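Colleague: What follows is a structure written as structure tokens; I'll ask about it next.
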Amino acid sequence: MSNSSSIETTNQELSAVTWRCIGPPRGGRVVAVAGDPSSDAVFYFGACAGGVWKTTDGGTYWKNVSDGFFNTASVGAIAVAHSDSNVVYAGTGEACIRLDVTHGDGVYRSTDAGHTWKHLGLKDTRHISRVRIDPANPDLVYVAALGNAFKPNEERGIFRSTDGGGSWEHILYRGQDAGAADLSLDTSNPRILYAAIWEARRSFWNMSSGGNESGLYRSTDGGDTWTEISSNQGFPEGIKGRIGVAASPAKSGRVWATVESEDCGIYRSDDYGETWELVNDDRDLQGRPWYYQHIVPDPQDPEVVWVMNYQCHKSIDGGKSFSVVGTPHGDNHDLWIDPNNSDRLIEGNDGGACVSFNGGESFSSIYNQLTSQFYHLTTDNRHPYRVYGTQQDNSAISVPSQTGKGAIPWGDCYFVGSSESGYIAVDPNNPDIVISGAVGSSPGGGGNMLRYDHNTGQVRIITVWPEVNIGYGADNMKYRFQWTYPISFSPHDSTVLYTAGNLVFRSLDQGSNWTPISPDLTRHDEEKLRPSGGPVTLDTSGAETYSTIFSFAESPIEKGVFWAGSDDGLVHVSKDEGDSWQDITPAELPEWSLISMIEPSSHSAGTAYMAATRYKLGDNSPMLFKTDDYGEQWRVINGNLPGDDFTRCIREDPVKPGMLYAGTETT
């Protein structure tokens with residue numbers, strides 16, 4: 001059979017394959033929510049990795065309404081027109097730029113309540129924080145764009161359209177390094193706007209929040225002109241980071257701001273931002289300001305204001321004191337309150353979106369949303385097999401691939417450890433034993449790792465080196481483990497377990513003891529190991545730990561042949577079970593590339609495939625490589641992949657030689 005005939009046959013085979021959803025129905029991160037002001041049971045949310053969802057029954061059932069219309073899955077902002085609730089705008093790409101943030105491609109509009117959508121441009125805004133619509137004119141819309149989170153770009157700041165997104169004016173721009181983190185429209189006088197500009201940049205090793213371009217601006221003519229008001233009396237001095245801003249609908253002239261600065265806190269103005277007063281400096285309201293900083297005033301009571309943070313906070317005395325409002329999940333980001341009924345609201349957090357009809361006394365379930373974000377997946381070898389994954393800001397979970405019930409209900413899923421962020425591996429000899437990485441979501445120190453036994457329900461910490469890493473940089477750690485680090489059983493001896501930090505480790509007793517089998521296989525650049533964050537707030541949660549081994553694999557056909565790739569751009573191979581290692585980094589690989597995946601061939605000794613990326617350095621080029629001689633020579637195999645869509649993974653078909661599968665970010 002000719003090569004072209006083989007490709008045609010393969011394409012025909014793949015076209016016959018269909019996808020089916022197996023769950024779990026447990027919500028993922030949401031930073032954008034909105035309600036229909038004219039229909040009590042209708043609400044929308046934008047999932048950070050799952051498009052726009054709509055409910056018509058108050059949150060009992062949610063349906064995706066953007067599939068087939070959107071080119072990217074991340075939604076950072078959503079708004080429903082008050083004057084015509086058929087008009088809905090969605091801004092893509094979230095602006096809470098955590099380490100695993102994904103970009104969008106501009107703005108979409110629906111004129112039939114979400115049934116269909118049209119792309120309106122602003123593709124290079126990448127991360128949109130807010131969409132605001134004039135309360136009397138659904139075609140007059142403002143967009144707050146943070147811009148590219150990883151490099152300078154022009155398409156950031158505040159944009160305005162007077163024709164429903166047919167065309168856009170760039171009405172506030174403070175430079176290619178600072179974008180808009182928030183935008184508020186004074187509903188009593190919609191020509192008054194407040195915009196928060198945020199200088200921010202994320203890389204593989206750092207999250208920088210704040211700079212000279214950060215500040216607060218006001219327009220009194222619908223955005224034609226702007227005045228900086230963050231140097232006004234009472235506002236904090238010095239460098240500022242992320243600012244959340246909101247004009248009170250209940251009291252003209254009252255403006256709220258939550259400010260990241262040396263004198264951080266909740267600030268209030270009662271004269272349209274001319275003067276400010278610090279009303280609350282409780283640090284519980286300022287945790288991880290780059291990730292939160294959303295403030296929402298009550299539309300009817302000027303003394304009531306909400307602040308979104310780790311917890312959801314509410315004040316009924318003008319911001320002097322706050323109480324915690326219990327939500328179904330932590331890490332709270334957005335809140336929409338019905339302008340005509342303060343008891344009716346929808347809230348978004350890292351566990352999904354939840355509706356309340358009693359002012360937050362109770363909320364609808366988040367276990368009805370198919371928007372989970374998974375870091376890694378694996379399967380076991382039973383029949384029917386089960387699928388395992390680590391869910392962002394949640395637990396590791398096991399889901400059946402099928403049941404005899406006509407559906408896969410939540411009751412057939414179960415936790416397999418509190419692991420949020422890492423790889424997950426199932427014991428080939430006992431599918432009840434699951435090993436998973438749990439940085440950020442469990443005790444156990446840096447590089448948290450858990451062993452779960454489904455037979456007993458026991459979860460045991462098997463971290464390589466249980467060193468607490470919160471509060472200081474990677475330069476002080478004995479071993480460095482990534483937020484998501486490799487874990488795998490040997491394909492030749494299932495009693496052998498491997499993991500990798502900046503060294504490769506081996507265990508012969510499922511994690512009770514670990515032995516290093518490599519030297520440091522990273523660049524170990526001290527400048528990139530310092531505490532992340534600044535210039536205002538340091539953020540040392542372990543998420544930006546750098547110079548680690550990001551990808552590790554043992555050859556499935558050659559015992560003791562190991563391949564390792566680091567997040568700072570080095571590739572190594574060992575042919576003697578780790579006794580010695582050779583640097584085989586491709587000459588064509590740009591410096592500081594992240595080696596996202598190495599895939600040793602199941603068919604040919606010495607052959608391996610590699611996926612790399614530099615997207616957090618502003619380079620979205622695909623980077624796929626192949627070697628046939630243990631890395632002595634590499635060749636680029638990007639083929640006809642889009643030139644602006646970076647590659648995260650590559651896999652070889654275990655049965656059909658030469659068939660490869662590549663995973664890109666958006667296509």
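Following the order of the structure tokens, first chain is A, next is B, and so on, with residues numbered from 1 inside each chain and ligands from 1 in the order they appear.
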Pick out the residues sitting within 7 Å of A:Glu577, and hand them over as a PDB file with N, CA and C atoms, in the first residue's frame; count only C-alpha atoms, and ignore anything fewer than 2 positions along from it in its own chain.
Modeller:
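Written file, part.pdb:
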```pdb
ATOM      1  N   GLY A 560      15.655   0.066  31.175  1.00  0.00           N
ATOM      2  CA  GLY A 560      16.760   0.882  31.671  1.00  0.00           C
ATOM      3  C   GLY A 560      17.182   2.018  30.764  1.00  0.00           C
ATOM      4  N   VAL A 561      16.477   2.234  29.669  1.00  0.00           N
ATOM      5  CA  VAL A 561      16.754   3.389  28.809  1.00  0.00           C
ATOM      6  C   VAL A 561      15.776   4.494  29.192  1.00  0.00           C
ATOM      7  N   PHE A 562      16.319   5.560  29.767  1.00  0.00           N
ATOM      8  CA  PHE A 562      15.508   6.647  30.290  1.00  0.00           C
ATOM      9  C   PHE A 562      15.694   7.913  29.451  1.00  0.00           C
ATOM     10  N   SER A 574      19.678   8.192  29.365  1.00  0.00           N
ATOM     11  CA  SER A 574      20.526   7.213  30.046  1.00  0.00           C
ATOM     12  C   SER A 574      20.234   5.841  29.456  1.00  0.00           C
ATOM     13  N   LYS A 575      21.282   5.090  29.148  1.00  0.00           N
ATOM     14  CA  LYS A 575      21.112   3.755  28.580  1.00  0.00           C
ATOM     15  C   LYS A 575      21.494   2.665  29.570  1.00  0.00           C
ATOM     16  N   ASP A 579      22.847   5.057  35.597  1.00  0.00           N
ATOM     17  CA  ASP A 579      24.234   5.154  36.077  1.00  0.00           C
ATOM     18  C   ASP A 579      24.956   6.328  35.429  1.00  0.00           C
TER      19      ASP A 579
END
```
Colleague: Using only C-alpha atoms, tabulate the residues of stretch 118-203 of chain A lying at most 10 Å from any atom of stretch 70-91 of chain A, each with its closest atom pair and that distance in Å to one decimal, by chain and increasing residue number, as a Markdown table.
Modeller:
```
| residue | atom | partner | partner_atom | distance |
| --- | --- | --- | --- | --- |
| A:Lys118 | CA | A:Phe70 | CA | 8.4 |
| A:His119 | CA | A:Phe70 | CA | 7.7 |
| A:Leu120 | CA | A:Tyr89 | CA | 9.6 |
| A:Leu122 | CA | A:Gly91 | CA | 9.4 |
| A:Thr125 | CA | A:Gly91 | CA | 9.3 |
| A:Arg126 | CA | A:Gly91 | CA | 9.2 |
| A:His127 | CA | A:Gly76 | CA | 6.8 |
| A:Ile128 | CA | A:Gly76 | CA | 5.4 |
| A:Ser129 | CA | A:Gly76 | CA | 5.6 |
| A:Arg130 | CA | A:Ala77 | CA | 5.0 |
| A:Val131 | CA | A:Ala77 | CA | 5.9 |
| A:Arg132 | CA | A:Ala79 | CA | 6.6 |
| A:Ile133 | CA | A:Ala81 | CA | 6.0 |
| A:Asp134 | CA | A:Ala81 | CA | 7.6 |
| A:Pro135 | CA | A:His82 | CA | 5.3 |
| A:Ala136 | CA | A:Ser83 | CA | 5.4 |
| A:Asn137 | CA | A:Ser83 | CA | 6.5 |
| A:Pro138 | CA | A:Ala81 | CA | 5.5 |
| A:Asp139 | CA | A:Val87 | CA | 8.9 |
| A:Leu140 | CA | A:Ala81 | CA | 9.7 |
| A:Val141 | CA | A:Tyr89 | CA | 8.7 |
| A:Val143 | CA | A:Gly91 | CA | 7.7 |
| A:Ala144 | CA | A:Gly91 | CA | 8.9 |
| A:Ala145 | CA | A:Gly91 | CA | 8.7 |
| A:Gly164 | CA | A:Tyr89 | CA | 9.3 |
| A:Gly165 | CA | A:Tyr89 | CA | 9.3 |
```
Colleague: In stretch 302-519 of chain A, what's helix (DSSP H, G or I) per DSSP? Answer as an MDAnalysis selection string?
Modeller: chainID A and resid 410:412 474:476
Colleague: Keeping only C-alpha atoms, write the selected residues as a CSV table (one decimal), in the first residue's frame.
Modeller:
```csv
chain,number,residue,atom,x,y,z
A,410,TRP,CA,-21.6,10.8,39.9
A,411,GLY,CA,-22.1,7.9,42.3
A,412,ASP,CA,-19.9,5.7,40.1
A,474,ALA,CA,13.2,27.4,44.9
A,475,ASP,CA,16.8,28.4,45.5
A,476,ASN,CA,16.4,27.3,49.1
```
Colleague: What is the distance, in Å and to one decimal place, between atom CA of A:Val307 and atom CA of A:Phe150?
Modeller: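 Pair atom CA of A:Val307 / atom CA of A:Phe150 returns 27.5 Å.
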Colleague: As a ChimeraX atom specification, please: every residue in stretch 152-228 of chain A that DSSP puts in strand (DSSP E or B).
Modeller: /A:157-161,169-172,178-185,193-202,207-209,211,215-219,227-228
Colleague: Excluding A:Asp525 and any residue of its chain fewer than 5 positions from it, enumerate the residues within 10 Å of it, using only C-alpha atoms, and give them as a VMD selection string.
Modeller: chain A and resid 475 530 546 to 547 568
Colleague: Have a look at A:Pro443, A:Ile557, A:Tyr367, A:Tyr452 and name the one nearest to A:Ser398; count only C-alpha atoms.
Modeller: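 Under the stated criterion, the closest residue is A:Tyr452.
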Colleague: Which residues are near A:Arg254? Cut-off 6 Å, only C-alpha atoms, ignore same chain within fewer than 4 positions. Put them as a list in words.
Modeller: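 Listed by chain and then number, they are Ser248, Ser269 and Asp270 of chain A.
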Colleague: Could the residues in this selection be written to a file with C-alpha atoms, as a CSV table (one decimal), in the first residue's frame?
Modeller:
```csv
chain,number,residue,atom,x,y,z
A,248,SER,CA,-22.0,51.8,43.4
A,269,SER,CA,-14.6,57.4,47.4
A,270,ASP,CA,-17.9,59.3,47.7
```
Colleague: Which residues, written as number ranges by chain, have at least one atom at most 8 Å from stretch 179-191 of chain A, with only C-alpha atoms counted and residues fewer than 4 positions away on the same chain left out?
Modeller: A: 95, 129-132, 134-135, 143-147, 156-158, 173-175, 195-200, 219-223, 242-249, 252
Colleague: Taking only C-alpha atoms into account, which of A:Ser401, A:Thr390, A:Thr545, A:Ser518 comes nearest A:Gly447?
Modeller: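 Of A:Ser401, A:Thr390, A:Thr545, A:Ser518, the one nearest A:Gly447, counting only C-alpha atoms, is A:Thr545.
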Colleague: Show me, as a count of residues only, the residues that have an atom within 7 Å of A:Gly319 when counting only C-alpha atoms, minus same-chain residues fewer than 5 positions from it.
Modeller: 3
Colleague: So which residues touch A:Tyr498 within 6 Å, counting only C-alpha atoms, skipping near sequence neighbours fewer than 4 positions away, as a ChimeraX atom specification?
Modeller: /A:487-488,505-506
Colleague: Which of these residues is nearest to A:Cys96, using only C-alpha atoms: A:Asp281, A:Asp331, A:Glu632, A:Glu262?
Modeller: A:Asp331
Colleague: So which one's closest to A:Gly241, A:Thr225, A:Ser323, A:Gln12, A:Ser261? Using only C-alpha atoms, please.
Modeller: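 Under the stated criterion, the closest residue is A:Ser261.
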Colleague: By how many Å are atom CA of A:Pro25 and atom CA of A:Gly326 apart?
Modeller: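 Computing it gives 21.2 Å between the two atoms.
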Colleague: Please compute the atom CA of A:Leu538-atom CA of A:Gly28 distance, one decimal, in Å.
Modeller: 26.1 Å
Colleague: May I ask which of the residues A:Asp105, A:Glu94, A:Asp100, A:Asp177 is the closest one to A:Ala543, counting only C-alpha atoms?
Modeller: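 Nearest candidate to A:Ala543 out of A:Asp105, A:Glu94, A:Asp100, A:Asp177: A:Asp100.
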Colleague: Compare A:Met597, A:Asp432, A:Gly618, A:Ser421 by their minimum atom-to-atom distance to A:Ala662, counting only C-alpha atoms, and give me the closest one.
Modeller: A:Met597
